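Structure data follow from entry.pdb (PDB, C-alpha atoms, pLDDT in the B column):
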```
MODEL        1
ATOM      1  CA  MET S 644     -57.431  46.462  24.774  1.00 78.00           C
ATOM      2  CA  ASN S 645     -60.720  47.875  25.986  1.00 93.00           C
ATOM      3  CA  LYS S 646     -63.305  47.387  23.251  1.00 97.00           C
ATOM      4  CA  VAL S 647     -66.249  48.845  25.173  1.00 98.00           C
ATOM      5  CA  HIS S 648     -67.313  52.414  24.373  1.00 98.00           C
ATOM      6  CA  ALA S 649     -69.817  54.625  26.146  1.00 97.00           C
ATOM      7  CA  THR S 650     -71.754  55.661  23.034  1.00 97.00           C
ATOM      8  CA  ALA S 651     -72.251  54.637  19.423  1.00 98.00           C
ATOM      9  CA  VAL S 652     -70.663  57.916  18.322  1.00 98.00           C
ATOM     10  CA  GLU S 653     -67.553  57.111  20.340  1.00 98.00           C
ATOM     11  CA  ALA S 654     -67.402  53.531  19.018  1.00 98.00           C
ATOM     12  CA  LEU S 655     -67.416  54.769  15.419  1.00 98.00           C
ATOM     13  CA  ALA S 656     -65.079  57.728  15.923  1.00 97.00           C
ATOM     14  CA  GLY S 657     -62.257  57.768  13.393  1.00 97.00           C
ATOM     15  CA  HIS S 658     -63.752  54.982  11.280  1.00 98.00           C
ATOM     16  CA  LEU S 659     -66.216  56.895   9.116  1.00 98.00           C
ATOM     17  CA  PHE S 660     -65.300  58.551   5.819  1.00 98.00           C
ATOM     18  CA  ASP S 661     -67.107  59.624   2.674  1.00 98.00           C
ATOM     19  CA  GLY S 662     -67.333  56.971  -0.026  1.00 98.00           C
ATOM     20  CA  MET S 663     -66.858  54.036   2.333  1.00 98.00           C
ATOM     21  CA  THR S 664     -68.589  50.647   2.195  1.00 98.00           C
ATOM     22  CA  ILE S 665     -70.676  49.605   5.209  1.00 98.00           C
ATOM     23  CA  MET S 666     -72.268  46.234   5.986  1.00 98.00           C
ATOM     24  CA  ALA S 667     -75.351  46.559   8.171  1.00 98.00           C
ATOM     25  CA  GLY S 668     -76.869  43.510   9.833  1.00 97.00           C
ATOM     26  CA  GLY S 669     -80.556  42.888  10.262  1.00 95.00           C
ATOM     27  CA  PHE S 670     -83.518  41.534   8.344  1.00 92.00           C
ATOM     28  CA  GLY S 671     -86.335  43.971   7.866  1.00 87.00           C
ATOM     29  CA  LEU S 672     -86.367  45.659  11.269  1.00 90.00           C
ATOM     30  CA  CYS S 673     -85.272  42.536  13.139  1.00 93.00           C
ATOM     31  CA  GLY S 674     -81.804  42.766  14.653  1.00 95.00           C
ATOM     32  CA  ILE S 675     -80.874  46.094  13.081  1.00 96.00           C
ATOM     33  CA  PRO S 676     -78.036  48.120  14.697  1.00 97.00           C
ATOM     34  CA  ASP S 677     -80.238  51.207  15.008  1.00 96.00           C
ATOM     35  CA  ALA S 678     -78.028  53.116  17.459  1.00 97.00           C
ATOM     36  CA  LEU S 679     -75.035  52.750  15.147  1.00 98.00           C
ATOM     37  CA  ILE S 680     -77.107  53.789  12.121  1.00 98.00           C
ATOM     38  CA  ALA S 681     -78.225  56.889  14.037  1.00 97.00           C
ATOM     39  CA  ALA S 682     -74.590  57.733  14.799  1.00 98.00           C
ATOM     40  CA  ILE S 683     -73.695  57.459  11.100  1.00 98.00           C
ATOM     41  CA  LYS S 684     -76.563  59.781  10.247  1.00 98.00           C
ATOM     42  CA  LEU S 685     -75.375  62.237  12.880  1.00 97.00           C
ATOM     43  CA  ALA S 686     -71.847  62.160  11.433  1.00 98.00           C
ATOM     44  CA  GLY S 687     -73.208  63.085   7.998  1.00 97.00           C
ATOM     45  CA  THR S 688     -70.959  60.584   6.211  1.00 98.00           C
ATOM     46  CA  LYS S 689     -72.025  60.507   2.565  1.00 97.00           C
ATOM     47  CA  ASN S 690     -71.631  58.656  -0.755  1.00 98.00           C
ATOM     48  CA  LEU S 691     -71.965  55.388   1.123  1.00 98.00           C
ATOM     49  CA  THR S 692     -72.202  51.942  -0.407  1.00 98.00           C
ATOM     50  CA  VAL S 693     -74.333  49.924   2.008  1.00 98.00           C
ATOM     51  CA  ILE S 694     -74.528  46.138   1.985  1.00 98.00           C
ATOM     52  CA  SER S 695     -77.700  45.006   3.719  1.00 97.00           C
ATOM     53  CA  ASN S 696     -80.535  42.571   3.080  1.00 94.00           C
ATOM     54  CA  ASN S 697     -82.862  45.553   2.725  1.00 91.00           C
ATOM     55  CA  CYS S 698     -82.910  49.251   3.538  1.00 91.00           C
ATOM     56  CA  GLY S 699     -85.213  49.386   6.520  1.00 85.00           C
ATOM     57  CA  ILE S 700     -88.535  51.147   6.024  1.00 87.00           C
ATOM     58  CA  ASP S 701     -89.358  54.784   5.438  1.00 86.00           C
ATOM     59  CA  GLY S 702     -88.000  56.794   8.360  1.00 88.00           C
ATOM     60  CA  VAL S 703     -86.596  53.812  10.272  1.00 91.00           C
ATOM     61  CA  GLY S 704     -83.198  52.098  10.274  1.00 91.00           C
ATOM     62  CA  LEU S 705     -81.219  52.540   7.067  1.00 94.00           C
ATOM     63  CA  GLY S 706     -84.245  54.398   5.707  1.00 93.00           C
ATOM     64  CA  THR S 707     -83.064  57.410   7.731  1.00 95.00           C
ATOM     65  CA  LEU S 708     -79.779  57.449   5.785  1.00 96.00           C
ATOM     66  CA  LEU S 709     -81.745  57.355   2.529  1.00 95.00           C
ATOM     67  CA  GLU S 710     -83.789  60.335   3.678  1.00 95.00           C
ATOM     68  CA  ALA S 711     -80.574  62.223   4.444  1.00 96.00           C
ATOM     69  CA  ARG S 712     -79.225  61.278   0.979  1.00 96.00           C
ATOM     70  CA  GLN S 713     -76.127  59.710   2.550  1.00 98.00           C
ATOM     71  CA  ILE S 714     -76.344  56.425   0.588  1.00 97.00           C
ATOM     72  CA  LYS S 715     -75.058  56.299  -2.994  1.00 98.00           C
ATOM     73  CA  LYS S 716     -75.449  52.560  -3.632  1.00 98.00           C
ATOM     74  CA  MET S 717     -77.234  49.607  -2.062  1.00 97.00           C
ATOM     75  CA  ILE S 718     -76.188  45.964  -2.401  1.00 97.00           C
ATOM     76  CA  SER S 719     -79.363  44.189  -1.295  1.00 95.00           C
ATOM     77  CA  SER S 720     -81.783  41.349  -1.885  1.00 94.00           C
ATOM     78  CA  TYR S 721     -85.108  42.936  -0.927  1.00 88.00           C
ATOM     79  CA  VAL S 722     -86.361  46.512  -1.090  1.00 80.00           C
ATOM     80  CA  GLY S 723     -90.140  46.168  -1.113  1.00 75.00           C
ATOM     81  CA  GLU S 724     -90.954  47.876   2.201  1.00 79.00           C
ATOM     82  CA  ASN S 725     -89.361  51.249   1.425  1.00 86.00           C
ATOM     83  CA  LYS S 726     -91.179  53.666  -0.864  1.00 89.00           C
ATOM     84  CA  LEU S 727     -88.339  56.198  -0.850  1.00 92.00           C
ATOM     85  CA  PHE S 728     -85.903  53.459  -1.894  1.00 91.00           C
ATOM     86  CA  ALA S 729     -88.022  52.699  -4.987  1.00 89.00           C
ATOM     87  CA  GLN S 730     -88.427  56.388  -5.756  1.00 91.00           C
ATOM     88  CA  LEU S 731     -84.694  57.125  -5.570  1.00 93.00           C
ATOM     89  CA  TYR S 732     -83.809  54.060  -7.638  1.00 91.00           C
ATOM     90  CA  LEU S 733     -86.339  54.772 -10.382  1.00 91.00           C
ATOM     91  CA  SER S 734     -85.231  58.417 -10.575  1.00 94.00           C
ATOM     92  CA  GLY S 735     -81.571  57.392 -10.947  1.00 93.00           C
ATOM     93  CA  GLU S 736     -80.500  58.935  -7.629  1.00 94.00           C
ATOM     94  CA  LEU S 737     -79.598  55.587  -6.077  1.00 95.00           C
ATOM     95  CA  GLU S 738     -77.544  52.731  -7.485  1.00 96.00           C
ATOM     96  CA  LEU S 739     -78.753  49.208  -6.762  1.00 95.00           C
ATOM     97  CA  GLU S 740     -77.051  45.844  -7.049  1.00 95.00           C
ATOM     98  CA  PHE S 741     -79.643  43.117  -6.558  1.00 92.00           C
ATOM     99  CA  ASN S 742     -78.640  39.717  -5.154  1.00 95.00           C
ATOM    100  CA  PRO S 743     -80.672  36.585  -4.485  1.00 96.00           C
ATOM    101  CA  GLN S 744     -80.970  36.446  -0.715  1.00 96.00           C
ATOM    102  CA  GLY S 745     -78.954  33.262  -0.225  1.00 96.00           C
ATOM    103  CA  THR S 746     -76.284  34.540  -2.592  1.00 97.00           C
ATOM    104  CA  LEU S 747     -75.977  37.767  -0.601  1.00 98.00           C
ATOM    105  CA  ALA S 748     -75.589  35.817   2.641  1.00 97.00           C
ATOM    106  CA  GLU S 749     -72.939  33.582   1.103  1.00 98.00           C
ATOM    107  CA  ARG S 750     -71.074  36.561  -0.402  1.00 98.00           C
ATOM    108  CA  CYS S 751     -70.794  38.034   3.101  1.00 98.00           C
ATOM    109  CA  ARG S 752     -69.766  34.715   4.633  1.00 98.00           C
ATOM    110  CA  ALA S 753     -67.201  34.166   1.876  1.00 98.00           C
ATOM    111  CA  GLY S 754     -65.719  37.608   2.379  1.00 98.00           C
ATOM    112  CA  GLY S 755     -65.329  36.957   6.088  1.00 97.00           C
ATOM    113  CA  ALA S 756     -63.685  33.589   5.375  1.00 97.00           C
ATOM    114  CA  GLY S 757     -61.201  35.068   2.904  1.00 97.00           C
ATOM    115  CA  ILE S 758     -62.842  33.408  -0.097  1.00 98.00           C
ATOM    116  CA  ALA S 759     -62.531  35.603  -3.194  1.00 97.00           C
ATOM    117  CA  GLY S 760     -65.364  33.974  -5.128  1.00 98.00           C
ATOM    118  CA  PHE S 761     -67.617  30.952  -5.513  1.00 98.00           C
ATOM    119  CA  TYR S 762     -69.878  29.388  -8.134  1.00 98.00           C
ATOM    120  CA  THR S 763     -73.604  28.938  -7.562  1.00 98.00           C
ATOM    121  CA  LYS S 764     -76.547  27.703  -9.653  1.00 97.00           C
ATOM    122  CA  THR S 765     -78.749  30.494  -8.314  1.00 97.00           C
ATOM    123  CA  GLY S 766     -79.371  33.129 -10.971  1.00 96.00           C
ATOM    124  CA  VAL S 767     -78.108  31.146 -13.960  1.00 97.00           C
ATOM    125  CA  GLY S 768     -80.087  32.094 -17.047  1.00 95.00           C
ATOM    126  CA  THR S 769     -81.381  35.352 -15.504  1.00 96.00           C
ATOM    127  CA  ILE S 770     -80.171  38.970 -15.415  1.00 93.00           C
ATOM    128  CA  VAL S 771     -78.395  38.083 -12.169  1.00 93.00           C
ATOM    129  CA  ALA S 772     -75.778  36.299 -14.295  1.00 96.00           C
ATOM    130  CA  ASP S 773     -75.329  39.133 -16.818  1.00 96.00           C
ATOM    131  CA  GLY S 774     -71.656  40.026 -17.210  1.00 96.00           C
ATOM    132  CA  LYS S 775     -70.494  37.265 -14.864  1.00 97.00           C
ATOM    133  CA  ASP S 776     -68.473  34.159 -15.573  1.00 98.00           C
ATOM    134  CA  VAL S 777     -70.641  31.067 -16.089  1.00 98.00           C
ATOM    135  CA  ARG S 778     -69.035  27.620 -16.076  1.00 98.00           C
ATOM    136  CA  ALA S 779     -70.258  24.047 -16.247  1.00 98.00           C
ATOM    137  CA  PHE S 780     -69.583  21.576 -13.436  1.00 97.00           C
ATOM    138  CA  ASN S 781     -70.850  18.002 -13.767  1.00 97.00           C
ATOM    139  CA  GLY S 782     -73.091  19.066 -16.618  1.00 97.00           C
ATOM    140  CA  GLU S 783     -74.712  21.967 -14.747  1.00 97.00           C
ATOM    141  CA  ASN S 784     -74.073  25.691 -15.244  1.00 98.00           C
ATOM    142  CA  TYR S 785     -72.939  27.832 -12.330  1.00 98.00           C
ATOM    143  CA  VAL S 786     -72.381  31.586 -12.086  1.00 98.00           C
ATOM    144  CA  LEU S 787     -69.386  33.181 -10.358  1.00 98.00           C
ATOM    145  CA  GLU S 788     -70.151  35.437  -7.399  1.00 98.00           C
ATOM    146  CA  THR S 789     -67.503  37.381  -5.466  1.00 98.00           C
ATOM    147  CA  GLY S 790     -67.034  37.533  -1.716  1.00 98.00           C
ATOM    148  CA  LEU S 791     -67.890  40.838  -0.040  1.00 98.00           C
ATOM    149  CA  VAL S 792     -65.712  42.775   2.402  1.00 98.00           C
ATOM    150  CA  ALA S 793     -66.640  46.150   3.899  1.00 98.00           C
ATOM    151  CA  ASP S 794     -64.674  49.007   5.415  1.00 98.00           C
ATOM    152  CA  LEU S 795     -67.046  48.815   8.373  1.00 98.00           C
ATOM    153  CA  SER S 796     -69.544  46.251   9.652  1.00 98.00           C
ATOM    154  CA  ILE S 797     -72.240  47.316  12.113  1.00 98.00           C
ATOM    155  CA  VAL S 798     -74.163  44.537  13.825  1.00 98.00           C
ATOM    156  CA  HIS S 799     -76.670  43.928  16.600  1.00 98.00           C
ATOM    157  CA  ALA S 800     -76.220  41.183  19.181  1.00 98.00           C
ATOM    158  CA  TRP S 801     -78.345  40.039  22.087  1.00 98.00           C
ATOM    159  CA  LYS S 802     -75.354  39.481  24.366  1.00 98.00           C
ATOM    160  CA  SER S 803     -71.653  40.332  24.294  1.00 98.00           C
ATOM    161  CA  ASP S 804     -68.847  40.000  26.783  1.00 98.00           C
ATOM    162  CA  ARG S 805     -66.152  42.672  27.029  1.00 98.00           C
ATOM    163  CA  GLU S 806     -63.977  40.795  24.533  1.00 98.00           C
ATOM    164  CA  GLY S 807     -66.736  40.868  21.899  1.00 98.00           C
ATOM    165  CA  ASN S 808     -67.795  37.223  21.969  1.00 98.00           C
ATOM    166  CA  LEU S 809     -71.342  37.468  20.641  1.00 98.00           C
ATOM    167  CA  VAL S 810     -74.624  35.633  21.070  1.00 98.00           C
ATOM    168  CA  TYR S 811     -77.580  36.461  18.821  1.00 98.00           C
ATOM    169  CA  ARG S 812     -81.193  35.787  19.764  1.00 96.00           C
ATOM    170  CA  LYS S 813     -83.336  33.670  17.462  1.00 96.00           C
ATOM    171  CA  THR S 814     -84.162  35.308  14.087  1.00 94.00           C
ATOM    172  CA  ALA S 815     -82.224  38.452  15.023  1.00 94.00           C
ATOM    173  CA  ARG S 816     -79.137  36.412  14.207  1.00 96.00           C
ATOM    174  CA  ASN S 817     -79.894  36.681  10.442  1.00 96.00           C
ATOM    175  CA  PHE S 818     -77.245  38.652   8.503  1.00 97.00           C
ATOM    176  CA  ASN S 819     -75.494  39.871  11.658  1.00 98.00           C
ATOM    177  CA  ALA S 820     -73.404  36.709  12.025  1.00 97.00           C
ATOM    178  CA  PRO S 821     -71.764  36.613   8.568  1.00 97.00           C
ATOM    179  CA  MET S 822     -71.409  40.398   8.371  1.00 98.00           C
ATOM    180  CA  ALA S 823     -69.611  40.566  11.706  1.00 98.00           C
ATOM    181  CA  THR S 824     -66.753  38.591  10.157  1.00 98.00           C
ATOM    182  CA  ALA S 825     -66.559  40.508   6.867  1.00 98.00           C
ATOM    183  CA  GLY S 826     -65.745  44.020   8.035  1.00 98.00           C
ATOM    184  CA  LYS S 827     -62.253  45.473   8.192  1.00 98.00           C
ATOM    185  CA  PHE S 828     -63.560  47.108  11.383  1.00 98.00           C
ATOM    186  CA  THR S 829     -66.598  45.646  13.163  1.00 98.00           C
ATOM    187  CA  VAL S 830     -68.721  47.468  15.731  1.00 98.00           C
ATOM    188  CA  VAL S 831     -71.452  45.706  17.677  1.00 98.00           C
ATOM    189  CA  GLN S 832     -74.319  47.127  19.697  1.00 98.00           C
ATOM    190  CA  CYS S 833     -75.477  44.644  22.302  1.00 98.00           C
ATOM    191  CA  GLU S 834     -78.511  44.437  24.541  1.00 98.00           C
ATOM    192  CA  HIS S 835     -76.654  42.693  27.374  1.00 98.00           C
ATOM    193  CA  LEU S 836     -72.997  43.311  28.238  1.00 98.00           C
ATOM    194  CA  VAL S 837     -71.399  40.719  30.538  1.00 98.00           C
ATOM    195  CA  GLU S 838     -67.970  39.987  31.902  1.00 97.00           C
ATOM    196  CA  ILE S 839     -65.462  37.740  30.146  1.00 96.00           C
ATOM    197  CA  GLY S 840     -66.158  34.110  31.061  1.00 96.00           C
ATOM    198  CA  GLU S 841     -69.896  34.568  31.613  1.00 97.00           C
ATOM    199  CA  ILE S 842     -70.781  33.219  28.158  1.00 98.00           C
ATOM    200  CA  ASP S 843     -70.440  29.474  27.663  1.00 97.00           C
ATOM    201  CA  PRO S 844     -67.849  29.042  24.878  1.00 97.00           C
ATOM    202  CA  ASP S 845     -70.177  26.562  23.158  1.00 97.00           C
ATOM    203  CA  ALA S 846     -72.875  29.272  23.014  1.00 97.00           C
ATOM    204  CA  VAL S 847     -70.737  31.834  21.164  1.00 98.00           C
ATOM    205  CA  HIS S 848     -71.973  32.571  17.638  1.00 98.00           C
ATOM    206  CA  THR S 849     -69.277  35.124  16.695  1.00 98.00           C
ATOM    207  CA  PRO S 850     -65.846  34.956  18.375  1.00 98.00           C
ATOM    208  CA  GLY S 851     -64.482  38.185  19.793  1.00 98.00           C
ATOM    209  CA  ILE S 852     -61.497  38.114  17.411  1.00 97.00           C
ATOM    210  CA  PHE S 853     -63.819  39.565  14.746  1.00 98.00           C
ATOM    211  CA  VAL S 854     -65.116  42.439  16.919  1.00 98.00           C
ATOM    212  CA  ASN S 855     -63.233  45.717  17.300  1.00 98.00           C
ATOM    213  CA  ALA S 856     -65.655  47.879  19.278  1.00 98.00           C
ATOM    214  CA  ILE S 857     -68.708  47.368  21.481  1.00 98.00           C
ATOM    215  CA  VAL S 858     -71.459  49.706  22.636  1.00 98.00           C
ATOM    216  CA  HIS S 859     -74.052  48.662  25.208  1.00 98.00           C
ATOM    217  CA  VAL S 860     -77.605  49.551  24.066  1.00 97.00           C
ATOM    218  CA  PRO S 861     -79.892  47.902  26.640  1.00 95.00           C
ATOM    219  CA  ASP S 862     -83.087  49.658  25.532  1.00 87.00           C
ATOM    220  CA  ALA S 863     -83.041  49.011  21.778  1.00 83.00           C
ATOM    221  CA  GLU S 864     -86.521  49.467  20.345  1.00 82.00           C
ATOM    222  CA  LYS S 865     -88.150  46.293  19.007  1.00 81.00           C
ATOM    223  CA  ARG S 866     -90.304  47.434  16.112  1.00 80.00           C
ATOM    224  CA  ILE S 867     -92.876  45.358  14.253  1.00 76.00           C
ATOM    225  CA  GLU S 868     -92.477  45.809  10.510  1.00 75.00           C
ATOM    226  CA  GLN S 869     -95.962  44.649   9.523  1.00 74.00           C
ATOM    227  CA  ARG S 870     -98.587  44.318  12.212  1.00 76.00           C
ATOM    228  CA  THR S 871    -101.368  41.931  11.271  1.00 80.00           C
ATOM    229  CA  THR S 872    -104.292  41.043  13.485  1.00 82.00           C
ATOM    230  CA  ARG S 873    -107.357  38.872  13.184  1.00 83.00           C
ATOM    231  CA  LYS S 874    -110.895  39.961  13.813  1.00 83.00           C
ATOM    232  CA  ARG S 875    -112.270  39.276  17.242  1.00 83.00           C
ATOM    233  CA  ALA S 876    -114.526  36.247  17.438  1.00 75.00           C
TER     234      ALA S 876
ENDMDL
END
```
Target format structure tokens, applied to this file:
Amino acid sequence: MNKVHATAVEALAGHLFDGMTIMAGGFGLCGIPDALIAAIKLAGTKNLTVISNNCGIDGVGLGTLLEARQIKKMISSYVGENKLFAQLYLSGELELEFNPQGTLAERCRAGGAGIAGFYTKTGVGTIVADGKDVRAFNGENYVLETGLVADLSIVHAWKSDREGNLVYRKTARNFNAPMATAGKFTVVQCEHLVEIGEIDPDAVHTPGIFVNAIVHVPDAEKRIEQRTTRKRA
């Protein structure tokens, strides 16, 4: 089966529908699948539940889907860089399910591993645990968190072969790796597309068995979320 598609629109064709759940890799603006996000915006798919560490920034990444009012609910751990996100949440236009960052990562990993739920100490005694099962193990309380699975996962990789074996680069690995395994259909945009056998098997971060479609995006923009400089001496 040929997994490689000419465009992001083609890679997503037939896999977008209103009310779906989408996992989107990235951390801030690092390692975001921007070409795939743009294709979703172009499709106009709405009432989305999006699972992502954050929601980009105003006008960039997932922030563009917020502007288009395509997102109904976010499952996230950090939203501080997006003014529109805060505005929509406070006005009741956007649902939000907050997760501690490590819990969110583990929920994605668990979903990809077929684990329905797990207990963690993180969040015990806070609003994070409200309405959830809390049990004691070895004298310590733990709260039950469920694994997450999405209708679609969109991820960014540094390198992919034509089978979808993926290599991430440094911090751009972030949420992309666990989310790639937790989608019923996973689409990757890669900076470098190589032939099968060109990636050392020991270097593979995500095996191709998890990847359904690939689009080559060699010129992905590398944005800086917060530029800080020091005064000249």
Practice item. Find the residues around region 784-799 of chain S up to 8 Å (only C-alpha atoms counted), leave out those fewer than 6 positions away in its own chain, and share them as a ChimeraX atom specification. Key: /S:658,663-669,674-676,679,746,749-755,757-767,772,775-778,811,815,819,822-823,825-833
Check your understanding: Please, what distance in Å, to one decimal, runs between CA of Glu736 (chain S) and CA of Ala711 (chain S)?
Key -> 12.5 Å
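Rounded to one decimal, CA of Ile770 (chain S) and CA of Lys716 (chain S) lie 18.6 Å from each other.
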Exercise for review: Provide the CA of Gly774 (chain S) to CA of Gln730 (chain S) distance in Å, to one decimal place.
Suggested key: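 Rounded to one decimal, the two atoms are 26.1 Å apart.
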Review point. Is there a way to get, as a PyMOL selection string, all residues within 10 Å of the point (-80.6, 51.0, 0.8) in file coordinates, counting all atoms listed in the file?
Key: chain S and resi 691-700+704-709+713-719+721-722+725+727-729+731-732+737-739
Review point. Near Leu809 (chain S), within 12 Å and counting all atoms listed in the file, which residues show up once chain neighbours fewer than 5 positions away are dropped, as a PyMOL selection string?
Key: chain S and resi 798-804+816+819-820+823-824+830-837+839+841-854+856-857
Review point. From the list S:Cys673, S:Leu733, S:Ala678, S:Ala656, which residue is nearest Val858 (chain S) when using only C-alpha atoms?
Key: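 Closest to Val858 (chain S) of all the choices is S:Ala678.
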Practice item. Within 8 Å of Leu659 (chain S), counting all atoms listed in the file, which residues show up once you throw out same-chain ones fewer than 4 positions away? Write them as a list in words, please. Key: Leu655, Met663, Ile683 and Thr688 of chain S
Report as AutoDock Vina command-line options the centre and the edge lengths, in Å to one decimal, of the axis-aligned box holding every listed atom of region 657-672 of chain S, padded by 5 Å on each side.
```
--center_x -74.3 --center_y 50.6 --center_z 6.7 --size_x 34.1 --size_y 28.1 --size_z 23.4
```
Review point. Which residues, protein or nucleic acid, reach to within 6 Å of (-78.5, 39.1, -3.3) in the file's coordinates when using only C-alpha atoms, and can you give that as a VMD selection string?
Key: chain S and resid 719 to 720 741 to 744 746 to 747
